[in-house]
$ cat query.csv   # CSV, C-alpha atoms
chain,number,residue,atom,x,y,z
A,1,MET,CA,118.5,116.1,112.1
A,2,LYS,CA,119.2,116.2,108.4
A,3,LYS,CA,116.0,116.4,106.3
A,4,LEU,CA,115.3,113.5,103.9
A,5,THR,CA,115.0,114.3,100.2
A,6,VAL,CA,111.7,112.9,99.0
A,7,VAL,CA,110.8,112.7,95.3
A,8,VAL,CA,107.0,112.6,94.6
A,9,LEU,CA,106.3,111.3,91.0
A,10,PHE,CA,103.0,112.2,89.5
A,11,GLY,CA,101.0,112.8,86.3
A,12,GLY,CA,101.9,110.4,83.5
A,13,GLN,CA,100.5,109.2,80.1
A,14,SER,CA,97.3,107.9,81.6
A,15,SER,CA,93.6,108.7,81.8
A,16,GLU,CA,94.2,109.0,85.5
A,17,TYR,CA,96.6,112.0,85.0
A,18,GLU,CA,94.3,114.4,86.8
A,19,VAL,CA,93.6,112.0,89.6
A,20,SER,CA,97.4,111.6,90.0
A,21,CYS,CA,98.0,115.3,90.2
A,22,VAL,CA,95.3,115.8,92.9
A,23,TRP,CA,96.5,112.8,95.0
A,24,ALA,CA,100.1,113.8,94.7
A,25,ALA,CA,99.2,117.4,95.9
A,26,ASP,CA,97.4,115.9,98.9
A,27,MET,CA,100.4,113.8,99.8
A,28,ILE,CA,102.9,116.7,99.4
A,29,ALA,CA,100.7,118.9,101.6
A,30,ALA,CA,100.7,116.2,104.3
A,31,LEU,CA,104.5,115.8,104.4
A,32,ASP,CA,106.1,117.4,107.4
A,33,GLU,CA,108.3,120.3,106.1
A,34,GLU,CA,110.6,120.0,109.2
A,35,LYS,CA,111.5,116.4,108.2
A,36,TYR,CA,111.5,116.3,104.4
A,37,ASP,CA,112.7,118.3,101.4
A,38,VAL,CA,110.1,117.5,98.8
A,39,LEU,CA,110.9,117.4,95.1
A,40,PRO,CA,107.7,117.1,93.0
A,41,VAL,CA,108.5,115.5,89.7
A,42,GLY,CA,105.7,115.6,87.1
A,43,ILE,CA,105.4,113.5,84.0
A,44,THR,CA,103.6,115.3,81.2
A,45,LYS,CA,101.0,113.6,79.1
A,46,ASN,CA,103.7,113.4,76.4
A,47,GLY,CA,106.0,111.6,78.8
A,48,ASN,CA,108.4,114.4,79.6
A,49,TRP,CA,109.8,114.3,83.1
A,50,ARG,CA,110.0,117.7,84.8
A,51,ILE,CA,110.8,118.9,88.3
A,52,CYS,CA,108.1,121.3,89.6
A,53,HIS,CA,109.0,124.5,91.5
A,54,GLY,CA,105.4,125.7,91.6
A,55,SER,CA,102.8,125.5,94.4
A,56,VAL,CA,100.9,122.5,95.6
A,57,ASP,CA,97.8,124.2,94.2
A,58,ALA,CA,99.4,124.4,90.8
A,59,ILE,CA,100.0,120.6,90.9
A,60,ARG,CA,96.5,119.9,92.2
A,61,GLU,CA,94.9,122.1,89.4
A,62,GLY,CA,97.2,120.6,86.6
A,63,ARG,CA,98.9,123.8,85.7
A,64,TRP,CA,102.3,122.9,87.1
A,65,GLU,CA,104.2,122.6,83.8
A,66,LYS,CA,104.9,126.3,83.5
A,67,TYR,CA,106.7,126.2,86.8
A,68,SER,CA,109.0,123.3,85.9
A,69,VAL,CA,112.3,122.3,84.2
A,70,ASP,CA,113.5,119.1,82.7
A,71,ALA,CA,114.6,116.4,85.2
A,72,ILE,CA,115.6,112.7,84.9
A,73,LEU,CA,115.6,110.1,87.5
A,74,SER,CA,118.9,108.3,87.1
A,75,PRO,CA,118.8,104.5,86.9
A,76,ASP,CA,122.5,104.4,88.0
A,77,ALA,CA,122.5,102.8,91.4
A,78,SER,CA,125.8,104.4,92.3
A,79,ARG,CA,124.2,107.8,92.0
A,80,LYS,CA,120.7,107.4,93.6
A,81,SER,CA,119.8,110.8,92.3
A,82,LEU,CA,117.6,113.1,90.3
A,83,LEU,CA,119.3,114.9,87.4
A,84,LYS,CA,117.9,118.5,87.0
A,85,LEU,CA,118.6,119.8,83.5
A,86,VAL,CA,119.1,123.5,82.9
A,87,GLY,CA,120.7,125.2,79.9
A,88,GLY,CA,122.3,122.0,78.6
A,89,LYS,CA,123.9,121.2,82.0
A,90,TYR,CA,122.6,119.0,84.8
A,91,LYS,CA,122.7,119.3,88.6
A,92,GLU,CA,122.7,116.0,90.5
A,93,ILE,CA,120.3,115.9,93.5
A,94,PRO,CA,120.7,112.9,95.8
A,95,VAL,CA,117.4,111.2,96.6
A,96,ASP,CA,116.6,109.4,99.9
A,97,VAL,CA,113.1,108.0,99.0
A,98,ALA,CA,110.5,108.2,96.2
A,99,ILE,CA,106.7,108.2,96.3
A,100,PRO,CA,105.4,107.0,92.9
A,101,VAL,CA,101.8,108.4,92.6
A,102,LEU,CA,101.3,106.9,89.1
A,103,TYR,CA,98.5,104.9,87.6
A,104,GLU,CA,100.1,103.4,84.5
A,105,ALA,CA,102.4,100.6,83.4
A,106,GLY,CA,102.1,98.8,86.7
A,107,GLY,CA,105.4,97.7,88.0
A,108,ALA,CA,107.5,99.7,85.5
A,109,VAL,CA,108.4,102.7,87.7
A,110,GLN,CA,109.0,100.4,90.6
A,111,GLY,CA,111.4,98.5,88.5
A,112,LEU,CA,113.2,101.7,87.6
A,113,LEU,CA,113.5,102.6,91.3
A,114,GLU,CA,114.8,99.2,92.2
A,115,MET,CA,117.5,99.4,89.5
A,116,ALA,CA,118.4,102.8,90.9
A,117,LYS,CA,118.4,101.4,94.5
A,118,ILE,CA,116.1,104.2,95.6
A,119,PRO,CA,113.7,103.1,98.4
A,120,TYR,CA,110.1,103.8,97.5
A,121,VAL,CA,106.6,103.8,99.0
A,122,GLY,CA,104.2,101.2,97.9
A,123,CYS,CA,104.2,97.6,96.7
A,124,GLY,CA,107.0,96.1,94.6
A,125,VAL,CA,107.2,95.2,90.9
A,126,LEU,CA,105.2,92.0,91.0
A,127,PRO,CA,102.1,93.0,93.0
A,128,SER,CA,102.0,96.4,91.1
A,129,ALA,CA,102.1,94.6,87.7
A,130,LEU,CA,99.6,91.9,88.8
A,131,SER,CA,97.1,94.4,90.2
A,132,MET,CA,97.2,96.4,87.0
A,133,ASN,CA,96.3,93.4,84.8
A,134,ARG,CA,92.5,92.8,85.2
A,135,ILE,CA,92.9,89.2,83.8
A,136,CYS,CA,95.8,88.2,86.0
A,137,ILE,CA,94.3,89.5,89.2
A,138,ARG,CA,91.0,87.7,88.5
A,139,ARG,CA,92.8,84.4,87.7
A,140,ILE,CA,94.6,84.8,91.0
A,141,ALA,CA,91.3,85.4,92.8
A,142,LYS,CA,89.9,82.3,91.1
A,143,ALA,CA,92.8,80.2,92.2
A,144,GLU,CA,92.2,81.4,95.8
A,145,LYS,CA,88.5,80.5,95.5
A,146,ILE,CA,87.5,84.1,96.1
A,147,PRO,CA,84.0,84.9,94.7
A,148,MET,CA,83.8,87.6,92.0
A,149,ALA,CA,81.8,88.6,88.9
A,150,LYS,CA,81.8,86.1,86.0
A,151,PHE,CA,84.3,87.1,83.3
A,152,LEU,CA,85.8,86.1,80.0
A,153,TRP,CA,88.8,87.3,78.1
A,154,CYS,CA,90.3,87.1,74.6
A,155,ASP,CA,93.2,88.6,72.7
A,156,ARG,CA,93.3,90.6,69.5
A,157,GLU,CA,94.1,87.6,67.3
A,158,ALA,CA,91.2,85.6,68.6
A,159,LEU,CA,88.9,88.6,68.3
A,160,ALA,CA,89.9,89.0,64.6
A,161,GLU,CA,89.4,85.3,63.8
A,162,LYS,CA,86.5,84.3,66.1
A,163,LYS,CA,84.5,87.4,67.0
A,164,GLU,CA,81.1,85.9,66.6
A,165,LYS,CA,82.0,82.9,68.7
A,166,ILE,CA,83.4,85.1,71.5
A,167,MET,CA,80.3,87.2,71.5
A,168,ARG,CA,78.1,84.1,71.7
A,169,GLN,CA,80.1,82.9,74.7
A,170,ALA,CA,79.8,86.3,76.4
A,171,GLU,CA,76.0,86.3,75.9
A,172,LYS,CA,75.7,82.8,77.3
A,173,LYS,CA,78.0,83.3,80.3
A,174,LEU,CA,77.6,87.0,81.2
A,175,GLY,CA,74.4,88.1,79.6
A,176,TYR,CA,73.5,91.8,79.1
A,177,PRO,CA,74.5,94.3,80.3
A,178,CYS,CA,78.2,93.5,80.6
A,179,PHE,CA,81.3,95.5,80.8
A,180,VAL,CA,84.2,95.3,78.3
A,181,LYS,CA,87.7,96.7,79.2
A,182,PRO,CA,91.3,96.4,78.1
A,183,ALA,CA,93.2,94.0,80.3
A,184,ASN,CA,95.8,96.7,81.1
A,185,ALA,CA,94.5,100.2,81.3
A,186,SER,CA,93.8,102.7,84.0
A,187,ALA,CA,90.2,103.7,85.1
A,188,SER,CA,87.7,103.9,82.3
A,189,MET,CA,90.2,104.1,79.4
A,190,GLY,CA,88.9,101.9,76.6
A,191,ALA,CA,86.0,100.6,78.8
A,192,SER,CA,82.4,100.3,77.7
A,193,LYS,CA,79.1,99.0,78.9
A,194,ALA,CA,77.3,96.7,76.4
A,195,LYS,CA,73.6,96.3,76.5
A,196,ASN,CA,73.1,94.3,73.3
A,197,ARG,CA,75.1,92.4,70.5
A,198,GLU,CA,75.8,95.6,68.5
A,199,GLU,CA,77.2,97.4,71.5
A,200,LEU,CA,79.2,94.4,72.5
A,201,GLU,CA,80.9,94.2,69.1
A,202,LYS,CA,81.8,97.9,69.3
A,203,ALA,CA,83.0,97.6,72.9
A,204,LEU,CA,85.3,94.7,72.0
A,205,CYS,CA,86.9,96.6,69.1
A,206,TYR,CA,87.2,99.7,71.2
A,207,ALA,CA,88.9,98.0,74.1
A,208,ALA,CA,91.3,96.1,71.7
A,209,LYS,CA,92.7,99.5,70.6
A,210,TYR,CA,94.2,100.0,74.1
A,211,ASP,CA,95.6,96.5,74.8
A,212,ARG,CA,96.2,93.2,73.1
A,213,LYS,CA,94.0,91.5,75.6
A,214,VAL,CA,90.4,92.3,76.5
A,215,ILE,CA,88.2,91.3,79.4
A,216,MET,CA,84.4,91.0,79.5
A,217,GLU,CA,82.7,91.0,82.9
A,218,GLU,CA,79.1,90.6,84.0
A,219,ALA,CA,77.4,93.7,85.5
A,220,ILE,CA,76.6,93.4,89.2
A,221,ASP,CA,73.5,95.0,90.7
A,222,GLY,CA,74.6,95.9,94.2
A,223,GLY,CA,76.7,98.2,96.4
A,224,ARG,CA,80.3,99.1,96.0
A,225,PHE,CA,82.8,99.0,98.9
A,226,ALA,CA,86.5,99.4,99.6
A,227,CYS,CA,89.0,99.0,102.5
A,228,ALA,CA,92.5,100.2,103.0
A,229,MET,CA,95.4,98.0,104.1
A,230,LEU,CA,98.7,98.9,105.7
A,231,LYS,CA,101.4,96.4,106.6
A,232,LYS,CA,103.7,97.6,109.4
A,233,GLY,CA,104.8,94.5,111.2
A,234,LYS,CA,101.4,92.9,110.9
A,235,LEU,CA,98.7,93.6,108.3
A,236,HIS,CA,96.2,96.3,109.4
A,237,ILE,CA,92.8,96.5,107.6
A,238,SER,CA,90.8,99.7,107.9
A,239,SER,CA,87.1,100.2,108.4
A,240,ILE,CA,85.1,99.3,105.3
A,241,GLY,CA,83.8,102.2,103.3
A,242,GLU,CA,80.7,102.3,101.0
A,243,ILE,CA,81.2,104.1,97.7
A,244,VAL,CA,78.0,106.0,96.9
A,245,THR,CA,77.7,107.1,93.3
A,246,ARG,CA,75.2,107.5,90.4
A,247,ALA,CA,77.8,106.1,87.9
A,248,GLU,CA,77.1,102.8,86.3
A,249,SER,CA,80.6,101.4,86.6
A,250,TYR,CA,83.1,101.3,89.5
A,251,ASP,CA,85.8,103.0,87.4
A,252,ASP,CA,83.5,105.9,86.5
A,253,ALA,CA,82.4,106.1,90.2
A,254,LYS,CA,85.8,107.3,91.2
A,255,LYS,CA,85.0,110.6,89.4
A,256,ASP,CA,81.9,111.6,91.3
A,257,ALA,CA,81.7,109.3,94.3
A,258,HIS,CA,81.6,110.0,98.0
A,259,ILE,CA,82.4,107.4,100.6
A,260,ILE,CA,80.6,106.5,103.8
A,261,ILE,CA,82.9,105.1,106.6
A,262,PRO,CA,82.1,102.9,108.3
A,263,ALA,CA,79.8,101.2,105.9
A,264,LYS,CA,76.3,100.4,107.3
A,265,VAL,CA,76.1,96.7,106.3
A,266,PRO,CA,75.8,93.5,108.4
A,267,GLU,CA,79.0,92.5,110.2
A,268,GLU,CA,79.0,89.2,108.4
A,269,ALA,CA,79.5,91.0,105.1
A,270,LEU,CA,82.3,93.2,106.6
A,271,ALA,CA,84.0,90.1,107.9
A,272,GLN,CA,83.9,88.6,104.3
A,273,MET,CA,85.5,91.7,102.9
A,274,ARG,CA,88.3,91.7,105.5
A,275,LYS,CA,89.0,88.0,104.8
A,276,ILE,CA,89.0,88.6,101.0
A,277,SER,CA,91.3,91.6,101.4
A,278,GLU,CA,93.8,89.6,103.5
A,279,LYS,CA,93.8,86.7,101.1
A,280,MET,CA,94.3,88.8,98.0
A,281,TYR,CA,97.0,90.9,99.6
A,282,HIS,CA,99.1,87.8,100.5
A,283,ALA,CA,98.3,86.1,97.2
A,284,VAL,CA,100.1,88.9,95.2
A,285,ASP,CA,102.8,89.3,97.8
A,286,GLY,CA,101.6,92.7,98.8
A,287,LYS,CA,103.8,94.9,101.0
A,288,GLY,CA,103.2,98.3,102.5
A,289,ILE,CA,99.9,99.8,101.2
A,290,ALA,CA,97.0,98.5,99.1
A,291,ARG,CA,93.3,98.9,98.7
A,292,VAL,CA,90.7,96.2,97.8
A,293,ASP,CA,87.4,97.0,96.2
A,294,PHE,CA,84.2,94.9,96.3
A,295,PHE,CA,80.7,94.6,95.1
A,296,MET,CA,78.0,93.3,97.4
A,297,GLU,CA,74.9,91.8,95.8
A,298,LYS,CA,71.4,92.5,97.2
A,299,SER,CA,71.5,88.9,98.6
A,300,GLY,CA,74.5,90.0,100.8
A,301,ARG,CA,77.1,88.0,98.8
A,302,VAL,CA,80.4,89.8,98.6
A,303,LEU,CA,82.4,89.8,95.4
A,304,PHE,CA,86.0,90.8,94.9
A,305,HIS,CA,86.5,93.5,92.2
A,306,GLU,CA,90.0,95.0,92.2
A,307,LEU,CA,93.2,95.4,94.2
A,308,HIS,CA,95.1,98.7,94.0
A,309,THR,CA,98.7,99.0,95.1
A,310,MET,CA,98.8,102.8,94.7
A,311,PRO,CA,95.4,103.8,96.0
A,312,ASP,CA,93.8,107.2,95.3
A,313,ALA,CA,92.6,109.9,97.7
A,314,MET,CA,89.9,107.6,99.1
A,315,TYR,CA,92.6,105.6,100.9
A,316,PRO,CA,93.6,108.1,103.7
A,317,MET,CA,89.9,108.7,104.5
A,318,ALA,CA,89.8,105.2,105.9
A,319,TRP,CA,92.7,105.8,108.2
A,320,GLU,CA,91.4,109.1,109.3
A,321,GLU,CA,88.4,107.2,110.5
A,322,GLU,CA,90.8,105.1,112.6
A,323,GLY,CA,92.3,108.3,114.1
A,324,MET,CA,95.5,108.5,111.9
A,325,SER,CA,96.2,111.9,110.3
A,326,LYS,CA,97.6,112.1,106.8
A,327,THR,CA,100.9,113.4,108.2
A,328,GLU,CA,101.2,110.4,110.5
A,329,TRP,CA,100.3,108.1,107.7
A,330,MET,CA,103.0,109.6,105.4
A,331,ASP,CA,105.6,109.3,108.1
A,332,ILE,CA,104.8,105.5,108.4
A,333,LEU,CA,105.0,105.0,104.6
A,334,ILE,CA,108.4,106.7,104.4
A,335,SER,CA,109.8,104.8,107.4
A,336,LEU,CA,108.6,101.5,105.8
A,337,ALA,CA,110.3,102.3,102.5
A,338,LEU,CA,113.6,103.2,104.3
A,339,GLU,CA,113.4,100.0,106.4
A,340,GLY,CA,113.1,97.9,103.3
A,341,ASP,CA,109.7,96.5,104.3
A,342,ILE,CA,108.1,97.5,101.0
A,343,HIS,CA,110.0,95.7,98.3
A,344,GLY,CA,112.6,93.5,100.0

$ encode --input "query.csv" --output "structure tokens"
Amino acid sequence: MKKLTVVVLFGGQSSEYEVSCVWAADMIAALDEEKYDVLPVGITKNGNWRICHGSVDAIREGRWEKYSVDAILSPDASRKSLLKLVGGKYKEIPVDVAIPVLYEAGGAVQGLLEMAKIPYVGCGVLPSALSMNRICIRRIAKAEKIPMAKFLWCDREALAEKKEKIMRQAEKKLGYPCFVKPANASASMGASKAKNREELEKALCYAAKYDRKVIMEEAIDGGRFACAMLKKGKLHISSIGEIVTRAESYDDAKKDAHIIIPAKVPEEALAQMRKISEKMYHAVDGKGIARVDFFMEKSGRVLFHELHTMPDAMYPMAWEEEGMSKTEWMDILISLALEGDIHG
């Protein structure tokens, strides 16, 4: 049987560049070499697209660029191809499926792939964009009557004109400490924890450098949890994992956390997390894969935190607990992409 040509997109102009490289390397290593011809395509921090001919370890360690040449994913739907550029000439490589392991500009690369009519792994344009926007995803959760941390948001114009009023509102509704983040940014880029008025003002100005809208959120004293979702026919929700870390924020926790699966919490709390996961997944029209993150207060109340449509390396750990290997998981994701179940 003819091998499928799979493009794995990684890197990018994001603070999650290193995470993307590690996660992409794990995915490439899990792909069955007898079924797939894998073309790793890295995006440098300057935005240059390059096809990598180096090892998986070179990608994982972020030293892949010296083993690469320029390449462009053609948006031409009649081609469905990658254009490899060498010496001023290009070679056209037909592509069967793409795996975008990117954590920036939510929905943008999915839109490019849809224009090119190249099947891809993961959710479509709308859920990818919504999940990346911290304000939009919380407004959806609010409309669905899903509990979450209190939040406020403002734009740059309001911040310039009514900064004192905005800070008073934050102090009244959220209190200290609170977190301040850009509405659209990956991980901890532009994020700060404010413990007083002076720190809040600095945090607002700092976040506004990264996006025209800024979100403020109360700090939650409690545990952090996550679950993985996979829709193949019906929606499957994995065992819930507890994220254990010394970091103060969930975003920073990704850098030094370890996960305990299954989480050792009451079944009632686990049931709440599964219910919230399903509601949020359907609310954004999720398809294929996703991950939902939660806080659980000491009282046992579960709060929605984030939804990720391209999860990081914590995601397969949940399925391994269910008895599914990474290779089996990758086969399922590619088959879903080819069947059109991802972004129909």

$ residues_around --input "query.csv" --residues "Glu339 in chain A" --least-positions-apart "5" --cutoff "12 Å" --atoms "only C-alpha atoms" --output "PDB file with C-alpha atoms, in the coordinates of the input"
ATOM      1  CA  ASP A  96     116.600 109.400  99.900  1.00  0.00           C
ATOM      2  CA  VAL A  97     113.100 108.000  99.000  1.00  0.00           C
ATOM      3  CA  ILE A 118     116.100 104.200  95.600  1.00  0.00           C
ATOM      4  CA  PRO A 119     113.700 103.100  98.400  1.00  0.00           C
ATOM      5  CA  TYR A 120     110.100 103.800  97.500  1.00  0.00           C
ATOM      6  CA  VAL A 121     106.600 103.800  99.000  1.00  0.00           C
ATOM      7  CA  LYS A 232     103.700  97.600 109.400  1.00  0.00           C
ATOM      8  CA  GLY A 233     104.800  94.500 111.200  1.00  0.00           C
ATOM      9  CA  GLY A 288     103.200  98.300 102.500  1.00  0.00           C
ATOM     10  CA  ILE A 332     104.800 105.500 108.400  1.00  0.00           C
ATOM     11  CA  LEU A 333     105.000 105.000 104.600  1.00  0.00           C
ATOM     12  CA  ILE A 334     108.400 106.700 104.400  1.00  0.00           C
ATOM     13  CA  GLY A 344     112.600  93.500 100.000  1.00  0.00           C
TER      14      GLY A 344
END

$ residues_around --input "query.csv" --residues "range 221-227 of chain A" --least-positions-apart "2" --cutoff "7 Å" --atoms "only C-alpha atoms" --output "ChimeraX atom specification"
/A:219,229,237-243,291-298

$ residues_around --input "query.csv" --residues "range 79-87 of chain A" --least-positions-apart "2" --cutoff "10 Å" --atoms "only C-alpha atoms" --output "PyMOL selection string"
chain A and resi 5+7+39+41+49-51+69-77+89-97+113+115-119

$ atom_distance --input "query.csv" --atom1 "CA of Val19 in chain A" --atom2 "CA of Ser325 in chain A"
20.9 Å

$ residues_around --input "query.csv" --residues "His53 in chain A" --least-positions-apart "5" --cutoff "10 Å" --atoms "all atoms listed in the file" --output "PyMOL selection string"
chain A and resi 39-41+58-59+64-69
